[in-house]
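First the structure, in the form of structure tokens, and then the observations on it.
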Amino acid sequence: MTRRDQDDPDEGPAIDPRYAAGQLVASLRASAAHVDPALRQKAQARAQGWLSVLKSFASGALRIGDRRPFADTPVWVTPDVLRGGFASGGHAAGGPLLPHEEALARTLGVDGAEVRAVLNGHHLTPAGLAWLATSLAERSYRVRVPEEAALLSVRWLIDRAEHESAAALVETLSPWFDRLRFYPQPGGPMPVPEPGLSTPVLRKSAHELATSLERKTPRRDVEAMREAAEVWAPITDALVSLLLETVDADTPRLEGAGASRRVIGGSPFVRVPPRFEERRRALLDRIARARAEHRLCARPHRRGEVLETLREGLERVPSPDDGLARRVRTRLAGFVSAYGAPGSPEHARLRAAQRPGPSHALVAHVVASRLELAAPRGEGLANPSVASGPIQAFEATAMVPEGTTVPDSITRRLEVVREAPLPELVAHGLVGSGEILATLLPQVTGPALATRFDDPRARTLYAASYRAFRQRRSLLLLWLQHQVRFAELPWIAALEAAADRDPASAVRATLREVAALAITAFPATITPNKLVSELAALAAQADLAGEPDRPALPLVEEVASDIFMGTFSVKFLRAAQLAARLLGPGSLYARYYGIDFERVLAMGATTKARWGVTTSPDFDAYCVELAHLPKGGNPRARNGAVIEQASILTTHNVAALVAVLELEPLLRERWIDLARRALVAVLDRLERRVLPERVPTIQRMRAAKTLAFAWRQMLLFLSFAQPADVDAFVREAGELLAARSERARARFAPVLRGLELVAAGERLADGEEGARRLHGWSVERPFLLGPR
């Protein structure tokens with residue numbers, strides 16, 4: 001993504017257009033070759049976006065790395081963002097008309113290039129304002145992108161007699177009326193949002209899952225098996241049955257085993273059964289039709305296969321002593337020995353067991369219909385199992401008979417529409433990572449922030465807008481810039497200016513609950529950036545008594561190594577100083593990583609970087625010092641090693657959350673359990689993703705990095721625990737490692753030795769006494785991977 005040979009320390013990394021070109025090529029290939037038409041269409045749209053990026057980059061219109069990538073577009077316009085944070089020049093609220101827009105345009109009798117301008121204008125007419133008022137009162141709308149809340153905000157401001165604010169907002173929006181939709185999508189009534197983790201949240205609506213299930217098509221390999229059972233097995237049985245009627249004695253069978261195995265019984269083509277010629281011709285015609293109509297299963301068409309050998313014998317009717325007759329006798333003997341003679345109880349049981357059930361795709365379509373009926377559009381289900389019962393008579397078809405059981409693979413998917421409080425979803429295993437948690441948090445954060453309003457209409461609108469805003473994809477930013485913030489949207493600023501109260505009390509309570517949940521739900525992972533953004537949004541409104549340059553809760557993001565600017569904003573220093581005060585210089589964590597927390601506490605000199613962001617040269621220098629970088633090496637790996645030291649010093653937000661939000665009383669009894677879960681995750685990842693040489697090297701290196709981050713989390717939790725509990729944990733850690741493979745024990749023993757030393761009160765010196773300090777980034781090959 002960047003070209004290090006052209007980096008300027010002041011300007012930052014040079015963006016390499018080859019990344020965009022590579023993405024364009026990948027999108028073009030997918031658009032041409034993907035088997036799914038819907039995905040081909042998406043790939044075509046991505047290709048157009050990447051082509052736009054390359055054109056804009058070449059012309060200078062696109063300023064990559066700037067929070068305002070196009071000079072003629074204000075920051076509040078939601079951009080179309082491609083992979084890697086590149087703005088394509090499109091707008092999330094723009095593009096082709098959506099179905100509800102087309103319907104309104106038909107009603108108004110408008111078409112042409114200015115349709116969207118007319119539709120925006122219509123919502124400011126008496127009829128349009130009346131519809132907006134009804135939508136607000138009944139909460140019967142949906143906001144999928146933030147801009148769709150703008151004219152609803154105008155309507156609410158008018159109702160509040162905030163006419164000047166409403167007029168100013170319309171004036172700001174009107175230049176974009178021809179390109180963006182500022183009106184909402186119709187929808188069913190929404191509940192008034194309530195703050196706290198008891199609020200039901202939803203991963204995916206029933207309608208969204210139904211749409212996905214409706215697109216499900218039968219798998220080719222499964223349908224080939226179905227064809228074999230439903231088409232070719234009956235034909236083979238008919239062939240065997242007819243040919244057995246031509247046998248002169250006992251039914252042919254196989255006797256013995258191995259080299260002594262032989263065919264016993266009579267020979268075919270000796271007797272002529274009744275109506276043989278008529279039946280022979282009819283069966284040969286049946287085979288010919290089947291071969292023309294059914295091509296999924298390849299074996300029946302191959303020469304030498306059972307069906308082809310029997311068909312050839314039936315077609316030629318050789319003499320009993322002919323070579324073909326002997327081959328047919330052998331095939332008949334093998335078939336009868338394996339499956340039983342057609343018509344026998346043994347054969348009937350086998351065919352019944354082989355009979356396939358209805359296509360999972362067709363069952364999925366029935367379940368999709370159930371979901372559409374069970375929940376209003378945009379909502380989920382408190383009990384998804386209502387859609388998983390057997391197929392009822394009124395749902396049954398020839399291909400999906402009554403009583404058909406819904407497959408487990410579909411039943412499991414139904415869980416994503418469960419609408420329940422966030423802790424319940426976590427307990428059900430429906431929130432598998434911090435990233436997923438971050439995507440769900442706006443449904444909790446929005447209601448807390450919306451308590452600034454007494455009016456339930458405003459609370460609902462504000463929470464819906466926040467949820468849509470948090471789905472906005474992040475831009476690639478340089479020069480320590482921050483992403484666009486919610487309050488920068490003009491209609492949100494206007495709403496907040498008319499708020500009734502400060503939401504700090506509800507926000508603080510929610511922030512504390514969410515932080516504790518994030519730590520306990522995923523103890524082996526660091527706080528992902530999306531989750532950091534959600535926590536920071538709450539912290540900014542929680543009235544935590546910080547100062548502009550010294551926020552009470554300094555939350556830091558994970559910095560990408562390929563766009564690292566060589567310095568950290570001052571909040572990294574503030575977070576590290578919080579960790580220093582909480583943990584202390586003699587903590588297990590400080591002894592393991594060799595941190596001088598007193599030196600961190602003494603850092604105070606700051607300077608303004610040329611980008612207008614306050615930094616700390618002392619903090620930057622200490623991170624470089626702790627990284628112990630050798631000369632040379634991959635620049636990205638060198639950056640990563642420095643960034644990792646910043647994460648170690650700040651504990652990547654855990655210490656700040658525990659200290660400022662007073663989480664210790666909530667977690668006091670859980671520190672050892674959290675450490676144990678982190679350690680188990682470390683050992684699992686070691687054996688499954690780091691040690692196996694069948695795993696590609698790049699994936700092994702990534703796994704080693706995340707493993708080291710989980711180890712860091714474990715050390716931090718142990719630093720909060722009581723010494724006696726730590727001693728017991730170290731003994732347990734040895735037992736857990738001893739239960740692993742010999743290779744895992746040998747490779748990880750130096751790491752565990754380091755834990756034993758610091759638990760005994762010593763300060764770890766890397767390489768001494770057989771101990772190794774574990775880091776995620778390394779300029780050299782990570783030692784956990786072993787020698788090349």
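Residues in the structure tokens are numbered from 1 in each chain, the chains being A, B, ... in the order shown, and ligands are numbered from 1 in the order shown.
Within 10 Å of region 100-106 of chain A there are Pro96, Leu97, Leu98, Leu108, Gly109, Val110, Asp111, Val115, Arg116, Val118, Leu119, His122, Arg181, Tyr183, Pro184, Gln185 and Pro186 of chain A, counting only C-alpha atoms and ignoring same-chain residues fewer than 2 positions away.
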Okay, now the selection with N, CA and C atoms, as a tab-separated table (two decimals), in the first residue's frame?
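Contents of the output file part29.tsv:
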```
chain	number	residue	atom	x	y	z
A	96	PRO	N	-27.79	4.89	-7.81
A	96	PRO	CA	-29.11	4.68	-8.40
A	96	PRO	C	-30.22	4.79	-7.37
A	97	LEU	N	-31.42	5.12	-7.85
A	97	LEU	CA	-32.58	5.21	-6.96
A	97	LEU	C	-32.87	3.85	-6.34
A	98	LEU	N	-33.24	3.86	-5.06
A	98	LEU	CA	-33.66	2.65	-4.38
A	98	LEU	C	-35.13	2.39	-4.68
A	108	LEU	N	-45.25	10.68	-7.91
A	108	LEU	CA	-45.16	12.11	-8.22
A	108	LEU	C	-45.10	12.37	-9.71
A	109	GLY	N	-44.90	11.31	-10.50
A	109	GLY	CA	-44.84	11.47	-11.95
A	109	GLY	C	-43.60	12.18	-12.43
A	110	VAL	N	-42.45	11.91	-11.79
A	110	VAL	CA	-41.20	12.57	-12.19
A	110	VAL	C	-40.20	11.53	-12.66
A	111	ASP	N	-39.34	11.93	-13.57
A	111	ASP	CA	-38.23	11.09	-14.01
A	111	ASP	C	-37.13	12.01	-14.52
A	115	VAL	N	-34.33	13.61	-10.66
A	115	VAL	CA	-35.34	12.96	-9.83
A	115	VAL	C	-35.04	13.13	-8.35
A	116	ARG	N	-33.78	12.89	-7.96
A	116	ARG	CA	-33.48	12.94	-6.52
A	116	ARG	C	-33.66	14.35	-5.97
A	118	VAL	N	-35.87	16.47	-6.99
A	118	VAL	CA	-37.32	16.64	-6.85
A	118	VAL	C	-37.81	15.90	-5.60
A	119	LEU	N	-37.29	14.70	-5.37
A	119	LEU	CA	-37.73	13.93	-4.20
A	119	LEU	C	-37.33	14.62	-2.90
A	122	HIS	N	-39.65	17.50	-2.53
A	122	HIS	CA	-41.01	17.07	-2.16
A	122	HIS	C	-41.15	16.95	-0.65
A	181	ARG	N	-29.75	11.32	-1.02
A	181	ARG	CA	-31.10	11.23	-0.45
A	181	ARG	C	-31.03	11.62	1.02
A	183	TYR	N	-33.87	11.78	2.89
A	183	TYR	CA	-35.15	11.33	3.45
A	183	TYR	C	-35.00	9.85	3.80
A	184	PRO	N	-35.79	9.37	4.77
A	184	PRO	CA	-35.61	8.00	5.27
A	184	PRO	C	-36.30	6.96	4.39
A	185	GLN	N	-36.04	5.72	4.70
A	185	GLN	CA	-36.74	4.61	4.07
A	185	GLN	C	-37.93	4.23	4.94
A	186	PRO	N	-39.05	3.88	4.33
A	186	PRO	CA	-40.22	3.47	5.13
A	186	PRO	C	-39.91	2.19	5.91
```
Here CA of Arg311 (chain A) and CA of Leu239 (chain A) stand apart by 7.3 Å
Q. Within 7 Å of region 517-523 of chain A, counting only C-alpha atoms, which residues qualify if same-chain residues fewer than 5 places away don't, as a ChimeraX atom specification?
A. /A:433-434,674,677-678,713
Tell me which protein, DNA and RNA residues are within 12 Å of Ala746 (chain A), counting only C-alpha atoms, leaving out same-chain ones fewer than 5 positions away, and put them as number ranges by chain. A: 686-687, 691, 737-738, 740-741, 751-753, 770, 783-786
Review point. CA of Val680 (chain A) and CA of Glu732 (chain A), how far apart in Å?
Key: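 Between CA of Glu732 (chain A) and CA of Val680 (chain A) the gap is 11.0 Å.
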9 Å contact set for Ala249 (chain A), only C-alpha atoms, chain neighbours under 3 positions out, as a CSV table (one decimal) with N, CA and C atoms, in the first residue's frame:
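The resulting part.csv:
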```
chain,number,residue,atom,x,y,z
A,252,PRO,N,-25.5,-65.2,-9.3
A,252,PRO,CA,-24.0,-65.0,-9.1
A,252,PRO,C,-23.6,-64.3,-7.9
A,265,GLY,N,-22.0,-69.3,-8.9
A,265,GLY,CA,-23.4,-69.1,-9.4
A,265,GLY,C,-23.5,-69.2,-10.9
A,266,GLY,N,-24.7,-69.0,-11.4
A,266,GLY,CA,-24.9,-69.2,-12.8
A,266,GLY,C,-24.4,-68.1,-13.7
A,267,SER,N,-24.6,-68.2,-15.0
A,267,SER,CA,-24.1,-67.2,-16.0
A,267,SER,C,-25.3,-66.5,-16.6
```
